[in-house]
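So this block is start10.txt, compact mmCIF, C-alpha atoms:
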```txt
# COMPACT_ATOMS: atom_id res chain seq x y z
CA MET A 1 1.88 -4.11 -1.40
CA PRO A 2 2.85 -4.65 -3.77
CA ILE A 3 5.73 -3.27 -5.67
CA ALA A 4 8.94 -3.12 -3.70
CA ARG A 5 9.25 0.61 -4.12
CA ALA A 6 7.16 1.83 -1.25
CA ALA A 7 7.48 5.49 -1.99
CA ARG A 8 3.71 5.01 -2.02
CA ARG A 9 3.88 6.69 1.35
CA ALA A 10 5.70 9.78 0.11
CA THR A 11 5.26 12.65 2.51
CA VAL A 12 2.47 14.95 1.36
CA ARG A 13 0.07 17.39 2.95
CA LEU A 14 -3.47 16.27 2.29
CA GLY A 15 -6.72 18.11 1.80
CA ALA A 16 -9.43 17.55 4.37
CA VAL A 17 -11.50 14.39 4.41
CA VAL A 18 -15.03 14.99 5.65
CA LEU A 19 -16.24 12.53 8.27
CA ALA A 20 -19.87 12.21 9.31
CA GLY A 21 -19.94 12.18 13.10
CA THR A 22 -17.16 12.76 15.57
CA LEU A 23 -14.18 10.50 16.00
CA LEU A 24 -13.72 8.97 19.42
CA ALA A 25 -11.23 10.65 21.71
CA ALA A 26 -7.80 9.10 21.93
CA CYS A 27 -7.13 6.47 24.56
CA GLY A 28 -4.81 6.76 27.16
CA GLY A 29 16.03 5.24 12.11
CA PRO A 30 17.62 3.16 13.99
CA SER A 31 19.88 4.64 16.56
CA ASP A 32 22.71 3.31 18.69
CA GLU A 33 22.03 5.94 21.33
CA ALA A 34 20.93 4.54 24.70
CA SER A 35 17.57 5.85 25.85
CA ASP A 36 17.59 7.97 28.96
CA GLY A 37 15.65 6.05 31.59
CA ALA A 38 16.56 8.40 34.42
CA GLY A 39 13.70 10.26 36.03
CA GLY A 40 11.11 8.29 34.09
CA LYS A 41 12.29 9.67 30.75
CA VAL A 42 12.64 7.41 27.73
CA THR A 43 13.26 7.92 24.02
CA VAL A 44 11.38 5.41 21.87
CA THR A 45 12.98 5.08 18.44
CA VAL A 46 10.86 4.32 15.38
CA ASP A 47 12.30 3.31 11.99
CA LEU A 48 9.96 3.36 8.98
CA PHE A 49 9.97 3.50 5.19
CA GLY A 50 8.39 6.34 3.27
CA SER A 51 6.05 8.19 5.59
CA PHE A 52 3.42 6.39 7.63
CA GLY A 53 1.91 9.79 8.43
CA TYR A 54 2.11 9.57 12.22
CA LYS A 55 4.19 12.70 12.62
CA GLU A 56 2.25 14.62 9.96
CA ALA A 57 -1.07 13.72 11.59
CA GLY A 58 0.18 14.94 14.99
CA LEU A 59 -0.05 11.51 16.61
CA TYR A 60 3.49 11.51 18.00
CA ALA A 61 2.93 14.90 19.61
CA GLU A 62 -0.37 13.69 21.07
CA TYR A 63 1.22 10.54 22.49
CA GLU A 64 4.07 12.50 24.07
CA LYS A 65 1.53 14.83 25.67
CA LEU A 66 -0.43 11.88 27.04
CA ASN A 67 2.76 10.23 28.30
CA PRO A 68 5.06 12.83 29.92
CA GLY A 69 8.68 11.72 29.83
CA VAL A 70 8.31 9.83 26.53
CA THR A 71 10.04 11.22 23.46
CA ILE A 72 9.58 9.63 20.04
CA LYS A 73 12.45 9.76 17.57
CA GLN A 74 11.69 8.62 14.01
CA THR A 75 14.02 7.78 11.14
CA ASP A 76 12.72 7.21 7.64
CA THR A 77 13.92 5.62 4.39
CA GLU A 78 11.93 6.60 1.30
CA ASP A 79 12.40 3.39 -0.69
CA GLU A 80 11.12 0.23 0.99
CA ALA A 81 13.57 -2.01 -0.87
CA ASP A 82 16.50 -0.02 0.56
CA TYR A 83 14.87 -0.05 3.99
CA TRP A 84 14.37 -3.82 3.95
CA LYS A 85 17.93 -4.50 2.86
CA SER A 86 19.28 -2.35 5.67
CA LEU A 87 16.92 -3.95 8.20
CA GLN A 88 18.14 -7.43 7.22
CA THR A 89 21.74 -6.38 7.78
CA ARG A 90 20.95 -4.97 11.20
CA LEU A 91 18.84 -7.95 12.24
CA ALA A 92 21.72 -10.27 11.32
CA GLY A 93 24.18 -8.19 13.34
CA GLY A 94 21.82 -7.48 16.22
CA GLY A 95 22.77 -3.80 16.45
CA GLY A 96 21.46 -0.47 15.21
CA LEU A 97 17.82 -1.52 15.48
CA ALA A 98 15.03 0.83 16.48
CA ASP A 99 12.54 0.04 19.22
CA VAL A 100 9.80 -0.08 16.57
CA GLN A 101 10.38 -1.26 13.01
CA GLY A 102 7.88 -0.96 10.15
CA ILE A 103 7.21 -4.09 8.08
CA GLU A 104 5.54 -3.92 4.65
CA VAL A 105 2.81 -6.51 4.07
CA GLY A 106 4.82 -8.09 1.25
CA ARG A 107 7.57 -8.87 3.79
CA ILE A 108 5.48 -10.07 6.71
CA ALA A 109 5.64 -13.73 5.62
CA SER A 110 9.43 -13.52 5.73
CA VAL A 111 9.16 -12.29 9.31
CA THR A 112 6.70 -14.96 10.47
CA GLN A 113 8.34 -17.85 8.61
CA GLN A 114 12.05 -17.04 8.73
CA GLN A 115 12.74 -14.36 11.32
CA ALA A 116 10.33 -14.99 14.17
CA ASP A 117 13.24 -15.42 16.57
CA ARG A 118 14.37 -11.84 15.92
CA PHE A 119 11.12 -10.12 16.86
CA GLU A 120 9.21 -9.92 20.12
CA ASP A 121 6.10 -12.06 20.55
CA LEU A 122 3.74 -9.25 21.44
CA ARG A 123 1.50 -11.62 23.38
CA LYS A 124 3.84 -11.28 26.33
CA TYR A 125 2.69 -7.65 26.59
CA GLY A 126 -1.00 -8.49 26.20
CA ALA A 127 -1.44 -8.23 22.43
CA ASP A 128 -3.66 -11.32 22.29
CA GLU A 129 -6.39 -9.19 23.88
CA LEU A 130 -6.39 -6.95 20.78
CA LYS A 131 -7.25 -9.62 18.19
CA SER A 132 -10.90 -8.65 17.92
CA GLN A 133 -9.92 -5.10 16.95
CA PHE A 134 -8.39 -6.14 13.64
CA ALA A 135 -9.62 -7.65 10.40
CA GLU A 136 -9.05 -11.40 10.54
CA ALA A 137 -6.68 -11.47 7.56
CA LYS A 138 -4.60 -8.60 8.90
CA TRP A 139 -4.12 -10.31 12.26
CA ALA A 140 -3.42 -13.75 10.80
CA ALA A 141 -0.70 -12.52 8.44
CA ALA A 142 1.49 -11.37 11.34
CA THR A 143 0.96 -14.54 13.41
CA ALA A 144 3.63 -17.24 13.27
CA SER A 145 2.86 -20.96 13.13
CA ASN A 146 3.42 -21.26 16.89
CA GLY A 147 0.90 -18.50 17.56
CA ALA A 148 3.42 -15.74 18.20
CA VAL A 149 2.11 -12.27 17.31
CA LEU A 150 5.01 -10.47 15.62
CA GLY A 151 3.39 -7.19 14.63
CA LEU A 152 0.25 -5.08 14.84
CA GLY A 153 -1.43 -3.90 11.65
CA THR A 154 -1.45 -0.30 10.50
CA ASP A 155 -3.32 0.37 7.25
CA VAL A 156 -4.65 -1.77 4.42
CA GLY A 157 -4.86 -1.01 0.71
CA PRO A 158 -8.44 -1.57 -0.53
CA GLU A 159 -8.58 -0.72 -4.21
CA ALA A 160 -10.68 1.55 -6.42
CA MET A 161 -10.22 3.45 -9.69
CA CYS A 162 -9.35 7.14 -9.62
CA TYR A 163 -10.10 9.14 -12.76
CA ARG A 164 -10.00 12.62 -14.23
CA SER A 165 -13.62 13.49 -14.97
CA ASP A 166 -12.61 16.55 -17.03
CA LEU A 167 -10.48 14.44 -19.38
CA LEU A 168 -13.19 11.80 -19.78
CA ARG A 169 -15.71 14.54 -20.57
CA GLN A 170 -13.43 15.98 -23.26
CA ALA A 171 -13.18 12.53 -24.83
CA GLY A 172 -16.97 12.14 -24.89
CA LEU A 173 -17.07 9.46 -22.19
CA PRO A 174 -19.37 9.33 -19.14
CA THR A 175 -18.10 10.82 -15.89
CA ASP A 176 -20.65 9.57 -13.37
CA ARG A 177 -18.92 7.16 -10.98
CA GLY A 178 -21.86 4.76 -10.95
CA GLU A 179 -22.13 4.62 -14.72
CA LEU A 180 -18.40 4.10 -15.09
CA ALA A 181 -18.40 1.32 -12.52
CA THR A 182 -21.00 -0.45 -14.65
CA LYS A 183 -19.19 0.08 -17.96
CA TRP A 184 -15.88 -1.14 -16.56
CA SER A 185 -17.23 -3.83 -14.28
CA THR A 186 -14.74 -6.20 -15.96
CA TRP A 187 -11.15 -5.59 -17.00
CA ASP A 188 -12.11 -6.27 -20.62
CA GLY A 189 -14.68 -3.51 -20.29
CA TYR A 190 -12.04 -1.23 -18.82
CA LEU A 191 -9.72 -1.78 -21.80
CA GLU A 192 -12.55 -1.29 -24.29
CA LEU A 193 -13.42 2.03 -22.67
CA GLY A 194 -9.72 2.92 -22.81
CA LYS A 195 -9.64 2.28 -26.55
CA LYS A 196 -12.62 4.60 -26.99
CA TYR A 197 -10.83 7.20 -24.90
CA LYS A 198 -7.75 6.92 -27.09
CA GLU A 199 -9.78 7.80 -30.19
CA LYS A 200 -10.74 11.24 -28.84
CA ALA A 201 -8.28 11.76 -26.00
CA PRO A 202 -7.01 15.25 -25.24
CA ALA A 203 -3.49 15.86 -26.53
CA LYS A 204 -0.69 14.07 -24.67
CA SER A 205 -3.11 12.12 -22.51
CA ALA A 206 -3.19 8.32 -22.16
CA TRP A 207 -5.79 6.06 -20.55
CA ILE A 208 -3.58 4.76 -17.72
CA ASP A 209 -0.26 5.74 -16.15
CA SER A 210 1.57 2.42 -16.63
CA VAL A 211 0.84 -1.23 -17.21
CA GLY A 212 2.78 -1.98 -14.04
CA SER A 213 0.07 -0.30 -11.97
CA LEU A 214 -2.59 -2.25 -13.89
CA TYR A 215 -0.84 -5.54 -13.15
CA SER A 216 -0.33 -4.70 -9.47
CA ILE A 217 -3.97 -3.81 -8.92
CA MET A 218 -5.24 -6.91 -10.75
CA ILE A 219 -3.00 -9.33 -8.87
CA GLY A 220 -4.17 -7.66 -5.67
CA GLN A 221 -7.63 -9.08 -6.37
CA GLU A 222 -6.40 -12.66 -6.09
CA LYS A 223 -6.16 -14.94 -3.06
CA GLU A 224 -3.20 -16.88 -4.48
CA ARG A 225 -0.61 -14.92 -6.40
CA TYR A 226 2.97 -16.10 -6.09
CA TYR A 227 2.58 -18.90 -3.52
CA ASP A 228 -0.14 -21.39 -2.67
CA ALA A 229 -1.37 -22.09 0.85
CA SER A 230 1.27 -24.81 1.33
CA GLY A 231 4.08 -22.32 0.68
CA LYS A 232 4.86 -23.60 -2.82
CA LEU A 233 5.98 -21.04 -5.39
CA ILE A 234 3.29 -21.10 -8.10
CA TRP A 235 3.61 -17.82 -9.96
CA GLU A 236 4.70 -19.36 -13.27
CA THR A 237 1.62 -21.61 -13.47
CA ASN A 238 -0.96 -19.45 -11.71
CA PRO A 239 -3.75 -18.74 -14.25
CA ALA A 240 -4.85 -15.62 -12.35
CA LEU A 241 -1.36 -14.16 -12.64
CA LYS A 242 -1.25 -15.05 -16.33
CA THR A 243 -4.54 -13.22 -16.84
CA ALA A 244 -3.15 -10.12 -15.12
CA TRP A 245 -0.03 -10.39 -17.30
CA ASP A 246 -1.99 -10.81 -20.54
CA THR A 247 -4.33 -7.91 -19.74
CA SER A 248 -1.36 -5.66 -18.96
CA VAL A 249 0.38 -6.71 -22.17
CA GLU A 250 -2.77 -5.92 -24.18
CA ALA A 251 -2.95 -2.47 -22.58
CA ALA A 252 0.68 -1.84 -23.51
CA ARG A 253 0.34 -3.06 -27.10
CA SER A 254 -2.90 -1.10 -27.58
CA GLY A 255 -1.09 2.12 -26.70
CA LEU A 256 -3.23 2.83 -23.64
CA SER A 257 -0.33 3.58 -21.29
CA ALA A 258 1.54 6.80 -20.62
CA LYS A 259 4.63 4.62 -20.04
CA LEU A 260 5.53 6.28 -16.77
CA ASP A 261 7.64 4.72 -14.02
CA GLN A 262 5.67 4.93 -10.82
CA TRP A 263 7.26 7.21 -8.20
CA SER A 264 9.52 8.85 -10.82
CA PRO A 265 9.64 12.67 -11.15
CA GLN A 266 7.91 12.36 -14.54
CA TRP A 267 5.10 10.31 -13.00
CA ASN A 268 4.69 12.83 -10.20
CA GLN A 269 4.41 15.70 -12.68
CA ALA A 270 1.87 13.78 -14.76
CA PHE A 271 -0.83 14.04 -12.09
CA ALA A 272 -1.06 17.78 -12.59
CA ALA A 273 -0.32 17.70 -16.33
CA GLY A 274 -3.24 15.41 -17.19
CA SER A 275 -0.99 12.80 -18.78
CA PHE A 276 -3.42 9.99 -17.96
CA ALA A 277 -7.16 9.75 -17.37
CA THR A 278 -7.36 6.82 -14.97
CA ILE A 279 -5.17 5.21 -12.37
CA PRO A 280 -5.88 2.17 -10.17
CA CYS A 281 -5.70 3.57 -6.65
CA PRO A 282 -5.45 1.86 -3.29
CA ALA A 283 -6.73 4.06 -0.49
CA TRP A 284 -3.22 5.22 0.40
CA MET A 285 -2.78 6.74 -3.06
CA LEU A 286 -5.44 9.40 -2.51
CA GLY A 287 -3.05 11.48 -0.46
CA TYR A 288 -0.34 11.05 -3.05
CA ILE A 289 -2.64 12.27 -5.82
CA LYS A 290 -3.58 15.33 -3.79
CA GLY A 291 0.03 16.14 -3.12
CA GLN A 292 1.07 15.86 -6.75
CA ALA A 293 -1.99 17.34 -8.49
CA GLY A 294 -2.25 20.19 -5.99
CA ASP A 295 -5.11 22.64 -5.51
CA ALA A 296 -5.69 22.87 -9.25
CA GLY A 297 -6.75 19.22 -9.30
CA LYS A 298 -9.53 19.59 -6.72
CA GLY A 299 -12.87 18.58 -8.21
CA LYS A 300 -11.29 17.23 -11.40
CA TRP A 301 -10.52 13.87 -9.81
CA ASP A 302 -13.17 11.34 -8.84
CA ILE A 303 -13.31 7.71 -7.65
CA ALA A 304 -15.33 4.70 -8.81
CA ALA A 305 -15.45 1.03 -7.91
CA LEU A 306 -12.68 -1.12 -9.36
CA PRO A 307 -13.17 -3.40 -12.38
CA GLY A 308 -13.16 -7.10 -11.62
CA GLY A 309 -14.13 -6.97 -7.96
CA ALA A 310 -12.44 -6.09 -4.68
CA GLY A 311 -8.76 -6.35 -3.95
CA ASN A 312 -5.95 -5.13 -1.75
CA TRP A 313 -2.63 -3.52 -2.60
CA GLY A 314 -0.49 -2.59 0.33
CA GLY A 315 -0.58 -2.18 4.07
CA SER A 316 2.01 -2.48 6.83
CA TYR A 317 2.79 -3.59 10.37
CA LEU A 318 4.67 -2.26 13.36
CA ALA A 319 6.99 -4.75 15.06
CA VAL A 320 9.38 -4.73 18.03
CA PRO A 321 12.81 -6.37 17.50
CA LYS A 322 14.20 -8.53 20.28
CA ALA A 323 17.27 -6.28 20.21
CA ALA A 324 15.15 -3.20 20.98
CA LYS A 325 16.29 -1.18 23.99
CA ASN A 326 12.81 -0.20 25.17
CA LYS A 327 10.54 -3.14 24.40
CA LYS A 328 7.67 -2.45 26.78
CA GLU A 329 7.54 1.23 25.91
CA ALA A 330 7.75 0.32 22.22
CA TYR A 331 4.79 -2.02 22.53
CA GLU A 332 2.71 0.60 24.31
CA LEU A 333 3.38 3.04 21.48
CA VAL A 334 2.58 0.43 18.81
CA LYS A 335 -0.63 -0.51 20.63
CA TRP A 336 -1.72 3.12 20.78
CA LEU A 337 -0.82 3.99 17.17
CA THR A 338 -2.74 0.99 15.83
CA ALA A 339 -5.81 1.43 18.05
CA PRO A 340 -9.10 2.20 16.27
CA GLU A 341 -9.15 5.82 17.43
CA GLN A 342 -5.73 6.59 16.00
CA GLN A 343 -6.34 4.66 12.78
CA ALA A 344 -9.50 6.68 12.20
CA LYS A 345 -7.64 9.92 12.83
CA LEU A 346 -4.90 8.88 10.41
CA PHE A 347 -7.48 8.22 7.70
CA GLN A 348 -9.07 11.59 8.39
CA LYS A 349 -5.79 13.46 8.06
CA GLN A 350 -3.59 11.32 5.80
CA GLY A 351 -5.90 8.98 3.90
CA ASN A 352 -4.45 5.67 5.13
CA PHE A 353 -7.38 3.22 5.29
CA PRO A 354 -7.58 1.44 8.66
CA SER A 355 -7.09 -2.26 9.28
CA SER A 356 -8.95 -1.94 12.58
CA THR A 357 -12.56 -3.04 12.25
CA GLY A 358 -13.64 -0.43 14.77
CA ALA A 359 -11.95 2.34 12.82
CA ILE A 360 -13.51 1.12 9.55
CA ASP A 361 -16.94 1.55 11.13
CA GLN A 362 -16.01 5.05 12.28
CA VAL A 363 -15.09 6.23 8.77
CA ALA A 364 -17.94 4.52 6.92
CA ASP A 365 -19.60 7.82 5.99
CA ALA A 366 -16.43 9.67 5.01
CA THR A 367 -16.46 11.74 1.83
CA ASP A 368 -13.66 13.65 0.16
CA PRO A 369 -14.29 17.08 -1.38
CA TYR A 370 -11.05 16.91 -3.36
CA PHE A 371 -12.40 13.88 -5.24
CA ASN A 372 -15.70 15.57 -6.10
CA GLY A 373 -17.27 14.50 -2.81
CA ALA A 374 -16.67 10.80 -3.49
CA PRO A 375 -17.96 8.53 -0.69
CA ILE A 376 -14.52 7.15 0.06
CA GLY A 377 -15.55 5.55 3.34
CA ARG A 378 -18.16 3.46 1.55
CA ILE A 379 -16.10 2.71 -1.59
CA PHE A 380 -12.97 1.62 0.24
CA GLY A 381 -14.87 0.13 3.16
CA GLU A 382 -16.82 -2.20 0.86
CA ALA A 383 -13.62 -3.10 -0.97
CA ALA A 384 -11.83 -3.85 2.31
CA LYS A 385 -14.60 -6.16 3.48
CA ALA A 386 -14.82 -8.01 0.15
CA ALA A 387 -11.09 -8.31 -0.58
CA PRO A 388 -9.74 -11.88 -0.51
CA VAL A 389 -7.58 -13.14 2.32
CA GLN A 390 -4.32 -13.30 0.41
CA VAL A 391 -1.72 -16.01 0.68
CA LEU A 392 1.56 -14.28 1.46
CA GLY A 393 4.95 -15.75 0.62
CA ILE A 394 8.48 -14.93 1.70
CA HIS A 395 9.51 -13.63 -1.74
CA ASP A 396 6.31 -11.87 -2.84
CA GLN A 397 8.06 -8.54 -3.30
CA ASN A 398 10.94 -9.99 -5.29
CA VAL A 399 8.70 -11.85 -7.73
CA ALA A 400 6.37 -8.86 -8.16
CA GLN A 401 9.28 -6.58 -8.96
CA GLN A 402 10.64 -8.90 -11.66
CA ILE A 403 7.24 -9.16 -13.32
CA THR A 404 6.68 -5.42 -13.37
CA ASN A 405 10.21 -4.95 -14.73
CA ALA A 406 9.36 -7.36 -17.55
CA LEU A 407 6.09 -5.56 -18.31
CA SER A 408 8.03 -2.32 -18.51
CA GLU A 409 10.17 -3.91 -21.23
CA VAL A 410 7.03 -4.66 -23.26
CA GLU A 411 5.66 -1.19 -22.62
CA ARG A 412 8.82 0.85 -23.20
CA LYS A 413 11.04 -1.17 -25.51
CA GLY A 414 8.49 -3.16 -27.46
CA THR A 415 10.00 -6.41 -26.21
CA ALA A 416 8.01 -9.46 -27.29
CA PRO A 417 5.83 -10.70 -24.39
CA ASP A 418 7.34 -14.21 -24.49
CA LYS A 419 10.84 -12.77 -24.29
CA ALA A 420 9.86 -10.45 -21.44
CA TRP A 421 8.26 -13.36 -19.56
CA SER A 422 11.47 -15.34 -19.99
CA ASN A 423 13.40 -12.38 -18.60
CA ALA A 424 11.07 -12.31 -15.59
CA ARG A 425 11.75 -16.00 -14.96
CA LYS A 426 15.49 -15.41 -15.08
CA GLY A 427 15.16 -12.39 -12.80
CA VAL A 428 13.21 -14.34 -10.21
CA ALA A 429 15.71 -17.19 -10.32
CA ASN A 430 18.64 -14.81 -9.84
CA THR A 431 16.87 -12.94 -7.05
CA ILE A 432 15.56 -15.76 -4.87
CA GLY A 433 17.68 -18.70 -6.06
```

Could I get this file's structure written as structure tokens?
Amino acid sequence: MPIARAARRATVRLGAVVLAGTLLAACGGPSDEASDGAGGKVTVTVDLFGSFGYKEAGLYAEYEKLNPGVTIKQTDTEDEADYWKSLQTRLAGGGGLADVQGIEVGRIASVTQQQADRFEDLRKYGADELKSQFAEAKWAAATASNGAVLGLGTDVGPEAMCYRSDLLRQAGLPTDRGELATKWSTWDGYLELGKKYKEKAPAKSAWIDSVGSLYSIMIGQEKERYYDASGKLIWETNPALKTAWDTSVEAARSGLSAKLDQWSPQWNQAFAAGSFATIPCPAWMLGYIKGQAGDAGKGKWDIAALPGGAGNWGGSYLAVPKAAKNKKEAYELVKWLTAPEQQAKLFQKQGNFPSSTGAIDQVADATDPYFNGAPIGRIFGEAAKAAPVQVLGIHDQNVAQQITNALSEVERKGTAPDKAWSNARKGVANTIG
């Protein structure tokens, strides 16, 4: 997903998610330290960005209990861009790599197209038998042209719209999630409702947090974004991208944005302060909202279907480098963490929506009391099933970051859209050559 800053997974304690039925029982940073294989003991190292939630959900402790002698040691980098840069350095040198490395979905094409020789083909450990467990698009994205399976999918980012029902009520707007979904069934409708909100908005409250989040969620609804299926870079001529750009520019120039940098301290504080009424939210953002808005936000937030149709923003993979010290043990851990049972548990405790089809079925009836009892299993499940199979390119993250930087210029500095677009073009050229 996605913007390069993957603090989207910031570590937070989440409120309970209510699941109808009982989940199935579980099936049986980089370090230069050598794992201790004596006496059947092994330390499996895991290097991730942000927080995937495994430790917080108790999955590591459960795996260690199920597998005596195995210890899991995790390192974590908050910002995905920093993590990726460091990973590239270590892959080039062949040292300092963990047994398991996290890969953001916006980087997976780089792995399959440019770095396949640096990661284990998980088929040699039996991964090809797991294909039916995953959504087709999730599996295909981590499969190289020669059929090598280079990672197993963790979560996905089906999209919805989160909103503050109390703020909408104060502005005289409807608060029912079904009625809102109808009124903002299109992005034009969403902006029109935002303009009405602005007329009677509570003091110091905007319609949306930033136009960058609006752009990111809109482009997540498209099959082709920055590259076409042949691998050609098309972002400058892609009409869908231009539509997302123009809509975001209109939101900025209409004064609908709170002008907040996502993941900044000011943005974090705004969730509790009521600085914006709506925010496009992939499933993984629910936990972030809970963590920032706190107990006082319970019942004030709600969730409705997204304008413009289904989309996806985010998701990750777990991969095993060829330089890993404990490859077989690493694969067994990856297999277990990404199994339907564990993905369902992670959604229950951390809010990460599963990429496993079996887990999606298990959470279909989930509701969330924090979000006014919203049927999150149904809302995000329907979005996940309807989201397009996206074409992923090797520089998706780089291009996305330059575009959102340019939109921030329009939003913050009043830069003319044509000038900002030109700046984005220069930024992409300087970044990817």

One-decimal distance in Å that lies between atom CA of Leu152 of chain A and atom CA of Gly393 of chain A: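 Interatomic distance, atom CA of Gly393 of chain A to atom CA of Leu152 of chain A: 18.4 Å.
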
Option closest in space to Gln101 of chain A, from A:Ala416, A:Val320, A:Leu306, A:Ala61 [counting only C-alpha atoms]: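 Smallest distance to Gln101 of chain A is found for A:Val320.
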
Ile303 of chain A environment, 8 Å, only C-alpha atoms, sequence neighbours closer than 3 positions dropped, as a ChimeraX atom specification: /A:160-163,177,371,374,376

Best match for closeness to Arg425 of chain A among A:Asp188, A:Asp117, A:Asp176, A:Glu236, counting all atoms listed in the file: A:Glu236

Closest atom pairs, segment 140-163 of chain A residues within 12 Å of segment 44-58 of chain A, all atoms listed in the file, as a tab-separated table:
```
residue	atom	partner	partner_atom	distance
A:Thr154	CA	A:Phe52	CA	8.8
A:Asp155	CA	A:Phe52	CA	9.0
A:Val156	CA	A:Phe52	CA	11.9
```

Among the residues A:Ala272, A:Thr431, A:Pro321, A:Glu78, the one that comes closest to Leu91 of chain A [using all atoms listed in the file]: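 Among A:Ala272, A:Thr431, A:Pro321, A:Glu78, it is A:Pro321 that comes nearest to Leu91 of chain A.
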
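All residues of protein, DNA or RNA that reach within 8 Å of Pro68 of chain A, judged by all atoms listed in the file and not counting those fewer than 3 positions away in the chain, are Lys41, Glu64 and Lys65 of chain A.
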